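Below: one structure, written as structure tokens.
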Amino acid sequence: MASSRCEITERTESEPFDRRSSFDHLSKGYDDDMTDIYTLPDLPYALDALAPWCPADTLKLHHGKHHATYVKEANALTKQLATADPTDELKFGALQTAFSFNLSGHLLHSLFWTSIRPASGRPAAELASRIKESFGSFDRFAALFTSACVKVQGSGWGALMIDPATGALRVGSILNHTNGLAPGAQLVAVIDVWEHAYYLTHKNDRATWVGAAIDHLDWESIARRCDEAAVAVPVAVGA
Ligand SMILES: [Fe+2]
């Protein structure tokens with residue numbers, strides 16, 4: 001059994017990640033053999049643990065090929081950006097776009113693996129109360145989340161997030177990997193609705209995949225992320 005947490009970035013304390021701006025990195029440059037920043041997290045369950053709604057062959061392909069490719073590309077693009085010429089606007093812009101796409105793919109998949117779990121269930125009392133406050137009822141939340149997932153045009157994600165202005169839970173959609181949610185929204189759960197997530201088993205029946213995923217949301221992980229989320233950003237309304 002793998003670890004229960006997804007570590008998204010891997011840097012030791014003695015070699016902290018340099019959080020300067022991208023342009024600072026460009027001005028300094030990196031060695032060609034610079035260390036990979038991003039690593040593929042282990043799944044927090046066995047490959048066959050989500051069957052039959054997500055069989056082992058689908059999960060193995062999804063994690064070991066699709067997610068792994070985002071990690072590989074994000075690392076490669078980090079290195080290319082480190083020495084790219086920002087005055088070559090077309091090439092530099094393409095690298096930035098590709099980097100954003102692949103890093104977002106890595107981060108969203110890392111969150112997805114811990115958004116679902118083998119056992120079905122419902123949120124415990126405290127989170128259930130927060131869901132009721134935010135949506136009116138659990139059933140209303142489930143209907144909204146289902147719609148946000150099923151109605152994504154093409155490829156993307158359904159997302160459960162914390163509204164940074166009020167602290168309320170909200171649902172929304174993410175097209176491809178581009179987060180079109182409110183700035184500062186903190187994601188606490190996502191459901192992958194790219195066809196690679198479900199097509200081998202469910203063909204074009206996205207609704208069945210989404211229904212199973214919502215039944216198997218990992219409410220303990222979601223509650224932990226809610227607890228760890230920053231307090232709401234104070235926003236002056238009508239001041
Ligand atoms: Fe995916």
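Residues are referred to by chain and number: the chain letter is A, B, ... according to the order shown in the structure tokens, the number counts from 1 in that chain, and ligands are numbered separately from 1 in the order shown.
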
> Neighbours of ligand 1 within 8 Å, counting only C-alpha atoms and all ligand atoms, as a PyMOL selection string?
Replying inline: chain A and resi 62-63+66-67+105+109+192-197

Export of prior selection with N, CA and C atoms as a CSV table (one decimal), in the first residue's frame:
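New file selection_31.csv:
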```
chain,number,residue,atom,x,y,z
A,62,HIS,N,-4.2,5.5,-16.5
A,62,HIS,CA,-4.5,6.8,-16.1
A,62,HIS,C,-3.3,7.4,-15.2
A,63,HIS,N,-2.9,6.7,-14.2
A,63,HIS,CA,-1.9,7.1,-13.3
A,63,HIS,C,-0.5,7.0,-13.9
A,66,HIS,N,-0.9,8.7,-18.3
A,66,HIS,CA,-1.4,10.1,-18.4
A,66,HIS,C,-0.8,11.0,-17.4
A,67,HIS,N,-1.0,10.7,-16.1
A,67,HIS,CA,-0.4,11.6,-15.1
A,67,HIS,C,1.1,11.6,-15.2
A,105,GLY,N,-2.0,19.8,-15.1
A,105,GLY,CA,-2.4,18.4,-15.2
A,105,GLY,C,-1.9,17.6,-14.1
A,109,HIS,N,-4.4,16.0,-11.2
A,109,HIS,CA,-4.4,14.6,-11.0
A,109,HIS,C,-4.0,14.2,-9.5
A,192,ASP,N,-12.1,14.0,-12.5
A,192,ASP,CA,-11.6,14.0,-13.8
A,192,ASP,C,-12.6,13.5,-14.8
A,193,VAL,N,-13.0,14.3,-15.8
A,193,VAL,CA,-13.9,13.9,-16.8
A,193,VAL,C,-13.3,14.0,-18.2
A,194,TRP,N,-12.0,13.9,-18.2
A,194,TRP,CA,-11.3,13.6,-19.5
A,194,TRP,C,-11.7,12.2,-19.9
A,195,GLU,N,-11.9,11.9,-21.2
A,195,GLU,CA,-12.3,10.5,-21.6
A,195,GLU,C,-11.4,9.5,-21.1
A,196,HIS,N,-10.1,9.8,-21.0
A,196,HIS,CA,-9.1,8.7,-20.6
A,196,HIS,C,-9.4,8.2,-19.2
A,197,ALA,N,-10.2,9.0,-18.4
A,197,ALA,CA,-10.5,8.5,-17.0
A,197,ALA,C,-11.6,7.4,-17.0
```

> Near Ser115 (chain A), within 7 Å and counting only C-alpha atoms, which residues show up once chain neighbours fewer than 4 positions away are dropped, as an NGL selection string?
Replying inline: :A and (111 or 189-190 or 217-218 or 221-222)

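Non-sequential neighbours of Ala49 (chain A) (distance at most 9 Å, separation of 4 or more positions within a chain, only C-alpha atoms) are Tyr45, Cys54, Pro55, Ala56, Arg117, Pro118 and Ala119 of chain A.
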
With the cut-off set at 8 Å and counting only C-alpha atoms, tabulate each residue of region 135-170 of chain A with an atom at most that distance from an atom of region 205-210 of chain A, showing the nearest atom pair and its distance in Å to one decimal, ordered by chain and increasing number, as CSV.
```
residue,atom,partner,partner_atom,distance
A:Thr146,CA,A:Val210,CA,6.5
A:Cys149,CA,A:Val210,CA,6.8
A:Val150,CA,A:Ala207,CA,5.9
```

>> I'd like the contact shell of region 157-163 of chain A - 10 Å cut-off, only C-alpha atoms, skipping same-chain residues fewer than 5 positions apart - returned as JSON, numbers by chain.
In response: {"A": [108, 109, 112, 115, 134, 141, 144, 145, 146, 147, 148, 149, 150, 151, 152, 168, 169, 170, 171, 172, 173, 174, 175, 176, 177, 178, 179, 181, 182, 183, 184, 185, 186, 187, 188, 189, 190, 191, 192, 193, 194, 210, 222, 225, 226, 229, 230, 231, 232, 233]}

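Atom to atom, CA of Ile214 (chain A) and CA of Arg130 (chain A) stand 17.2 Å apart.
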
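If you measure from each of A:Gly167, A:Gly211, A:Tyr199, A:Leu59 to Asp227 (chain A) using only C-alpha atoms, the closest one turns out to be A:Gly167.
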
So that I can check the secondary structure, give me every residue of region 11-234 of chain A assigned strand (DSSP E or B) by backbone DSSP, as a compact mmCIF listing (two decimals) with N, CA and C atoms, in the first residue's frame.
```
# COMPACT_ATOMS: atom_id res chain seq x y z
N TYR A 38 9.29 18.02 -10.06
CA TYR A 38 7.98 17.37 -9.87
C TYR A 38 8.13 15.86 -9.94
N ILE A 116 -10.98 10.78 -4.26
CA ILE A 116 -11.81 9.57 -4.30
C ILE A 116 -11.15 8.48 -3.46
N GLY A 156 -12.13 18.02 -19.21
CA GLY A 156 -11.97 18.90 -18.07
C GLY A 156 -12.25 18.21 -16.76
N TRP A 157 -12.69 18.99 -15.81
CA TRP A 157 -12.85 18.54 -14.43
C TRP A 157 -14.07 19.22 -13.80
N GLY A 158 -14.71 18.50 -12.90
CA GLY A 158 -15.63 19.13 -11.97
C GLY A 158 -14.86 19.44 -10.69
N ALA A 159 -15.18 20.55 -10.05
CA ALA A 159 -14.40 20.97 -8.89
C ALA A 159 -15.30 21.38 -7.73
N LEU A 160 -14.90 21.00 -6.54
CA LEU A 160 -15.49 21.51 -5.30
C LEU A 160 -14.44 22.42 -4.68
N MET A 161 -14.84 23.64 -4.36
CA MET A 161 -13.86 24.62 -3.93
C MET A 161 -14.41 25.49 -2.81
N ILE A 162 -13.49 26.20 -2.20
CA ILE A 162 -13.87 27.17 -1.19
C ILE A 162 -13.86 28.56 -1.81
N LEU A 169 -18.59 26.73 0.40
CA LEU A 169 -18.22 25.75 -0.61
C LEU A 169 -18.98 26.05 -1.90
N ARG A 170 -18.31 25.88 -3.01
CA ARG A 170 -18.92 26.09 -4.32
C ARG A 170 -18.53 24.94 -5.24
N VAL A 171 -19.30 24.73 -6.30
CA VAL A 171 -18.89 23.79 -7.33
C VAL A 171 -18.67 24.57 -8.62
N GLY A 172 -17.80 24.05 -9.45
CA GLY A 172 -17.50 24.69 -10.72
C GLY A 172 -16.87 23.71 -11.67
N SER A 173 -16.60 24.18 -12.87
CA SER A 173 -16.00 23.34 -13.90
C SER A 173 -14.66 23.91 -14.32
N ILE A 174 -13.79 23.02 -14.73
CA ILE A 174 -12.47 23.39 -15.24
C ILE A 174 -12.36 22.82 -16.65
N LEU A 175 -12.13 23.69 -17.63
CA LEU A 175 -11.97 23.24 -19.01
C LEU A 175 -10.52 22.84 -19.25
N THR A 178 -7.39 24.32 -17.41
CA THR A 178 -7.36 25.74 -17.11
C THR A 178 -8.42 26.08 -16.07
N GLN A 186 -9.92 27.83 -3.54
CA GLN A 186 -9.10 26.72 -3.10
C GLN A 186 -9.83 25.41 -3.37
N LEU A 187 -9.23 24.61 -4.23
CA LEU A 187 -9.85 23.34 -4.60
C LEU A 187 -9.74 22.35 -3.45
N VAL A 188 -10.84 21.69 -3.13
CA VAL A 188 -10.79 20.65 -2.08
C VAL A 188 -11.13 19.28 -2.65
N ALA A 189 -11.69 19.22 -3.85
CA ALA A 189 -11.94 17.94 -4.53
C ALA A 189 -12.14 18.21 -6.01
N VAL A 190 -11.65 17.30 -6.84
CA VAL A 190 -11.90 17.38 -8.28
C VAL A 190 -12.24 16.00 -8.80
N ILE A 191 -13.02 15.97 -9.87
CA ILE A 191 -13.34 14.72 -10.56
C ILE A 191 -12.92 14.88 -12.02
N ASP A 192 -12.10 13.97 -12.46
CA ASP A 192 -11.56 13.98 -13.82
C ASP A 192 -12.63 13.51 -14.79
N LEU A 217 -16.34 9.77 -3.08
CA LEU A 217 -15.50 10.88 -2.64
C LEU A 217 -14.89 10.58 -1.28
```
